[in-house]
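Next comes target-v2.tsv, with TSV, C-alpha atoms and all ligand atoms.
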chain	number	residue	atom	x	y	z
A	1	MET	CA	11.85	-10.88	-2.86
A	2	THR	CA	8.57	-9.75	-4.39
A	3	THR	CA	7.16	-6.30	-5.04
A	4	LYS	CA	3.41	-5.89	-5.28
A	5	THR	CA	1.56	-2.78	-6.34
A	6	TYR	CA	-1.76	-1.68	-4.88
A	7	THR	CA	-3.95	1.40	-5.17
A	8	VAL	CA	-4.91	3.22	-1.99
A	9	GLN	CA	-8.05	5.33	-1.95
A	10	GLY	CA	-8.57	8.47	0.06
A	11	MET	CA	-5.05	9.81	0.54
A	12	THR	CA	-4.99	13.58	0.23
A	13	CYS	CA	-1.71	14.83	1.62
A	14	GLN	CA	1.80	13.91	2.70
A	15	HIS	CA	0.50	13.02	6.14
A	16	CYS	CA	-1.70	10.33	4.62
A	17	VAL	CA	1.36	8.98	2.80
A	18	MET	CA	3.28	8.85	6.09
A	19	SER	CA	0.49	7.02	7.91
A	20	VAL	CA	0.15	4.40	5.20
A	21	THR	CA	3.92	3.99	4.94
A	22	GLU	CA	4.28	3.52	8.69
A	23	GLU	CA	1.47	0.98	9.03
A	24	VAL	CA	2.55	-1.08	6.04
A	25	SER	CA	6.21	-0.97	7.14
A	26	GLU	CA	5.18	-2.67	10.37
A	27	ILE	CA	4.05	-5.83	8.58
A	28	ASP	CA	6.42	-8.72	9.31
A	29	GLY	CA	9.08	-9.12	6.65
A	30	VAL	CA	8.32	-5.95	4.71
A	31	GLU	CA	11.57	-4.47	3.45
A	32	LYS	CA	10.42	-1.49	1.45
A	33	VAL	CA	7.27	0.59	1.11
A	34	ASP	CA	6.79	3.23	-1.53
A	35	VAL	CA	3.69	5.40	-1.73
A	36	ASP	CA	2.86	7.86	-4.47
A	37	LEU	CA	0.31	10.42	-3.37
A	38	ALA	CA	-0.77	11.65	-6.81
A	39	SER	CA	-1.71	8.21	-8.15
A	40	GLY	CA	-2.42	6.48	-4.84
A	41	ARG	CA	0.08	3.83	-5.81
A	42	LEU	CA	1.45	1.67	-3.02
A	43	GLU	CA	4.40	-0.61	-3.66
A	44	VAL	CA	5.31	-3.20	-1.06
A	45	THR	CA	8.49	-5.24	-1.18
A	46	ALA	CA	8.88	-8.33	1.01
A	47	PRO	CA	9.98	-11.96	0.67
A	48	ASP	CA	6.29	-12.82	0.45
A	49	VAL	CA	3.80	-9.96	0.28
A	50	ASP	CA	0.58	-10.85	2.07
A	51	ASP	CA	-2.42	-9.09	0.46
A	52	ALA	CA	-4.55	-9.51	3.57
A	53	ALA	CA	-1.89	-8.00	5.82
A	54	VAL	CA	-1.45	-5.06	3.46
A	55	LYS	CA	-5.19	-4.51	3.38
A	56	THR	CA	-5.38	-4.58	7.19
A	57	ALA	CA	-2.44	-2.19	7.54
A	58	VAL	CA	-3.96	0.28	5.08
A	59	SER	CA	-7.26	0.09	6.95
A	60	SER	CA	-5.60	0.74	10.28
A	61	ALA	CA	-4.02	3.83	8.77
A	62	GLY	CA	-7.57	4.93	7.91
A	63	TYR	CA	-7.65	4.26	4.17
A	64	ALA	CA	-8.87	1.56	1.82
A	65	LEU	CA	-7.35	-0.43	-1.00
A	66	ALA	CA	-9.12	-0.17	-4.31
A	67	ALA	CA	-10.86	-3.45	-5.18
A	68	PRO	CA	-8.63	-5.73	-7.28
A	69	GLY	CA	-10.87	-5.31	-10.31
A	70	ASP	CA	-10.44	-1.54	-10.46
A	71	LEU	CA	-6.91	-1.07	-9.32
A	72	GLY	CA	-5.99	0.82	-12.45
A	73	LEU	CA	-2.68	-1.01	-12.24
A	74	ARG	CA	-0.01	-0.66	-14.80
A	75	SER	CA	0.23	-3.94	-16.62
A	76	LYS	CA	3.31	-4.97	-14.68
B	1	CU	CU	-3.54	13.55	4.56
Will you turn the file into structure tokens for me?
Ligand SMILES: [Cu+2]
Amino acid sequence: MTTKTYTVQGMTCQHCVMSVTEEVSEIDGVEKVDVDLASGRLEVTAPDVDDAAVKTAVSSAGYALAAPGDLGLRSK
């Protein structure tokens, strides 16, 4: 099982969090989705997290992932 962390841009309220959580949860194999509104942090846990699928899911919810270069990720 792997957990990957992404940064979602454009979320402003709890509804945004719900939309992103729902879309990402629908990806095949995803076991756990955790979204933090304040930081825009999105954590996805699955046997094999597919970046492209996460990106598509976030887009269908109406948001965008920050580009890998400026994720502002914690170092782990
Ligand atoms: Cu919202």
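Around Asp28 (chain A), within 10 Å and counting all atoms listed in the file, the residues found are Ala46, Pro47, Asp48, Val49, Asp50 and Ala53 of chain A, once anything fewer than 5 positions away on its own chain is removed.
Between CA of Leu37 (chain A) and CA of Met1 (chain A) there is a distance of 24.2 Å.
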Show me which residues line ligand CU 1 (chain B), defined as having an atom within 6 Å of a ligand atom where only C-alpha atoms and all ligand atoms count, and present them as a ChimeraX atom specification. /A:11-16
Can you tell me how far CA of Ser25 (chain A) sits from CA of Thr45 (chain A), in Å to one decimal? 9.6 Å
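Take CA of Thr2 (chain A) and CA of Val58 (chain A): the distance between them is 18.6 Å.
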Closest of A:Val17, A:Gln9, A:Val24, A:Thr3 to Ser60 (chain A) - atom-to-atom distances counting all atoms listed in the file: A:Val24
Give me region 18-38 of chain A with N, CA and C atoms filled in, as a PDB file, in the coordinates of the input.
ATOM      1  N   MET A  18       2.501   9.281   4.928  1.00  0.00           N
ATOM      2  CA  MET A  18       3.280   8.850   6.090  1.00  0.00           C
ATOM      3  C   MET A  18       2.560   7.777   6.883  1.00  0.00           C
ATOM      4  N   SER A  19       1.257   7.990   7.119  1.00  0.00           N
ATOM      5  CA  SER A  19       0.490   7.020   7.910  1.00  0.00           C
ATOM      6  C   SER A  19       0.472   5.660   7.228  1.00  0.00           C
ATOM      7  N   VAL A  20       0.204   5.660   5.938  1.00  0.00           N
ATOM      8  CA  VAL A  20       0.150   4.400   5.200  1.00  0.00           C
ATOM      9  C   VAL A  20       1.527   3.736   5.215  1.00  0.00           C
ATOM     10  N   THR A  21       2.561   4.530   4.962  1.00  0.00           N
ATOM     11  CA  THR A  21       3.920   3.990   4.940  1.00  0.00           C
ATOM     12  C   THR A  21       4.276   3.358   6.277  1.00  0.00           C
ATOM     13  N   GLU A  22       3.954   4.055   7.354  1.00  0.00           N
ATOM     14  CA  GLU A  22       4.280   3.520   8.690  1.00  0.00           C
ATOM     15  C   GLU A  22       3.565   2.213   8.969  1.00  0.00           C
ATOM     16  N   GLU A  23       2.246   2.193   8.728  1.00  0.00           N
ATOM     17  CA  GLU A  23       1.470   0.980   9.030  1.00  0.00           C
ATOM     18  C   GLU A  23       1.958  -0.204   8.194  1.00  0.00           C
ATOM     19  N   VAL A  24       2.163   0.027   6.912  1.00  0.00           N
ATOM     20  CA  VAL A  24       2.550  -1.080   6.040  1.00  0.00           C
ATOM     21  C   VAL A  24       3.969  -1.548   6.366  1.00  0.00           C
ATOM     22  N   SER A  25       4.833  -0.605   6.772  1.00  0.00           N
ATOM     23  CA  SER A  25       6.210  -0.970   7.140  1.00  0.00           C
ATOM     24  C   SER A  25       6.254  -1.896   8.342  1.00  0.00           C
ATOM     25  N   GLU A  26       5.202  -1.847   9.157  1.00  0.00           N
ATOM     26  CA  GLU A  26       5.180  -2.670  10.370  1.00  0.00           C
ATOM     27  C   GLU A  26       4.824  -4.127  10.105  1.00  0.00           C
ATOM     28  N   ILE A  27       4.375  -4.432   8.897  1.00  0.00           N
ATOM     29  CA  ILE A  27       4.050  -5.830   8.580  1.00  0.00           C
ATOM     30  C   ILE A  27       5.342  -6.643   8.620  1.00  0.00           C
ATOM     31  N   ASP A  28       5.260  -7.835   9.212  1.00  0.00           N
ATOM     32  CA  ASP A  28       6.420  -8.720   9.310  1.00  0.00           C
ATOM     33  C   ASP A  28       7.051  -8.963   7.948  1.00  0.00           C
ATOM     34  N   GLY A  29       8.345  -8.769   7.867  1.00  0.00           N
ATOM     35  CA  GLY A  29       9.080  -9.120   6.650  1.00  0.00           C
ATOM     36  C   GLY A  29       9.133  -8.035   5.595  1.00  0.00           C
ATOM     37  N   VAL A  30       8.327  -6.992   5.740  1.00  0.00           N
ATOM     38  CA  VAL A  30       8.320  -5.950   4.710  1.00  0.00           C
ATOM     39  C   VAL A  30       9.628  -5.182   4.731  1.00  0.00           C
ATOM     40  N   GLU A  31      10.253  -5.097   3.557  1.00  0.00           N
ATOM     41  CA  GLU A  31      11.570  -4.470   3.450  1.00  0.00           C
ATOM     42  C   GLU A  31      11.477  -3.044   2.939  1.00  0.00           C
ATOM     43  N   LYS A  32      10.479  -2.808   2.080  1.00  0.00           N
ATOM     44  CA  LYS A  32      10.420  -1.490   1.450  1.00  0.00           C
ATOM     45  C   LYS A  32       8.973  -1.143   1.141  1.00  0.00           C
ATOM     46  N   VAL A  33       8.615   0.109   1.410  1.00  0.00           N
ATOM     47  CA  VAL A  33       7.270   0.590   1.110  1.00  0.00           C
ATOM     48  C   VAL A  33       7.417   1.897   0.352  1.00  0.00           C
ATOM     49  N   ASP A  34       6.721   1.992  -0.767  1.00  0.00           N
ATOM     50  CA  ASP A  34       6.790   3.230  -1.530  1.00  0.00           C
ATOM     51  C   ASP A  34       5.371   3.661  -1.862  1.00  0.00           C
ATOM     52  N   VAL A  35       5.038   4.888  -1.497  1.00  0.00           N
ATOM     53  CA  VAL A  35       3.690   5.400  -1.730  1.00  0.00           C
ATOM     54  C   VAL A  35       3.762   6.642  -2.596  1.00  0.00           C
ATOM     55  N   ASP A  36       2.936   6.671  -3.634  1.00  0.00           N
ATOM     56  CA  ASP A  36       2.860   7.860  -4.470  1.00  0.00           C
ATOM     57  C   ASP A  36       1.504   8.519  -4.253  1.00  0.00           C
ATOM     58  N   LEU A  37       1.544   9.726  -3.731  1.00  0.00           N
ATOM     59  CA  LEU A  37       0.310  10.420  -3.370  1.00  0.00           C
ATOM     60  C   LEU A  37      -0.568  10.701  -4.584  1.00  0.00           C
ATOM     61  N   ALA A  38       0.008  11.231  -5.647  1.00  0.00           N
ATOM     62  CA  ALA A  38      -0.770  11.650  -6.810  1.00  0.00           C
ATOM     63  C   ALA A  38      -1.605  10.514  -7.399  1.00  0.00           C
TER      64      ALA A  38
END
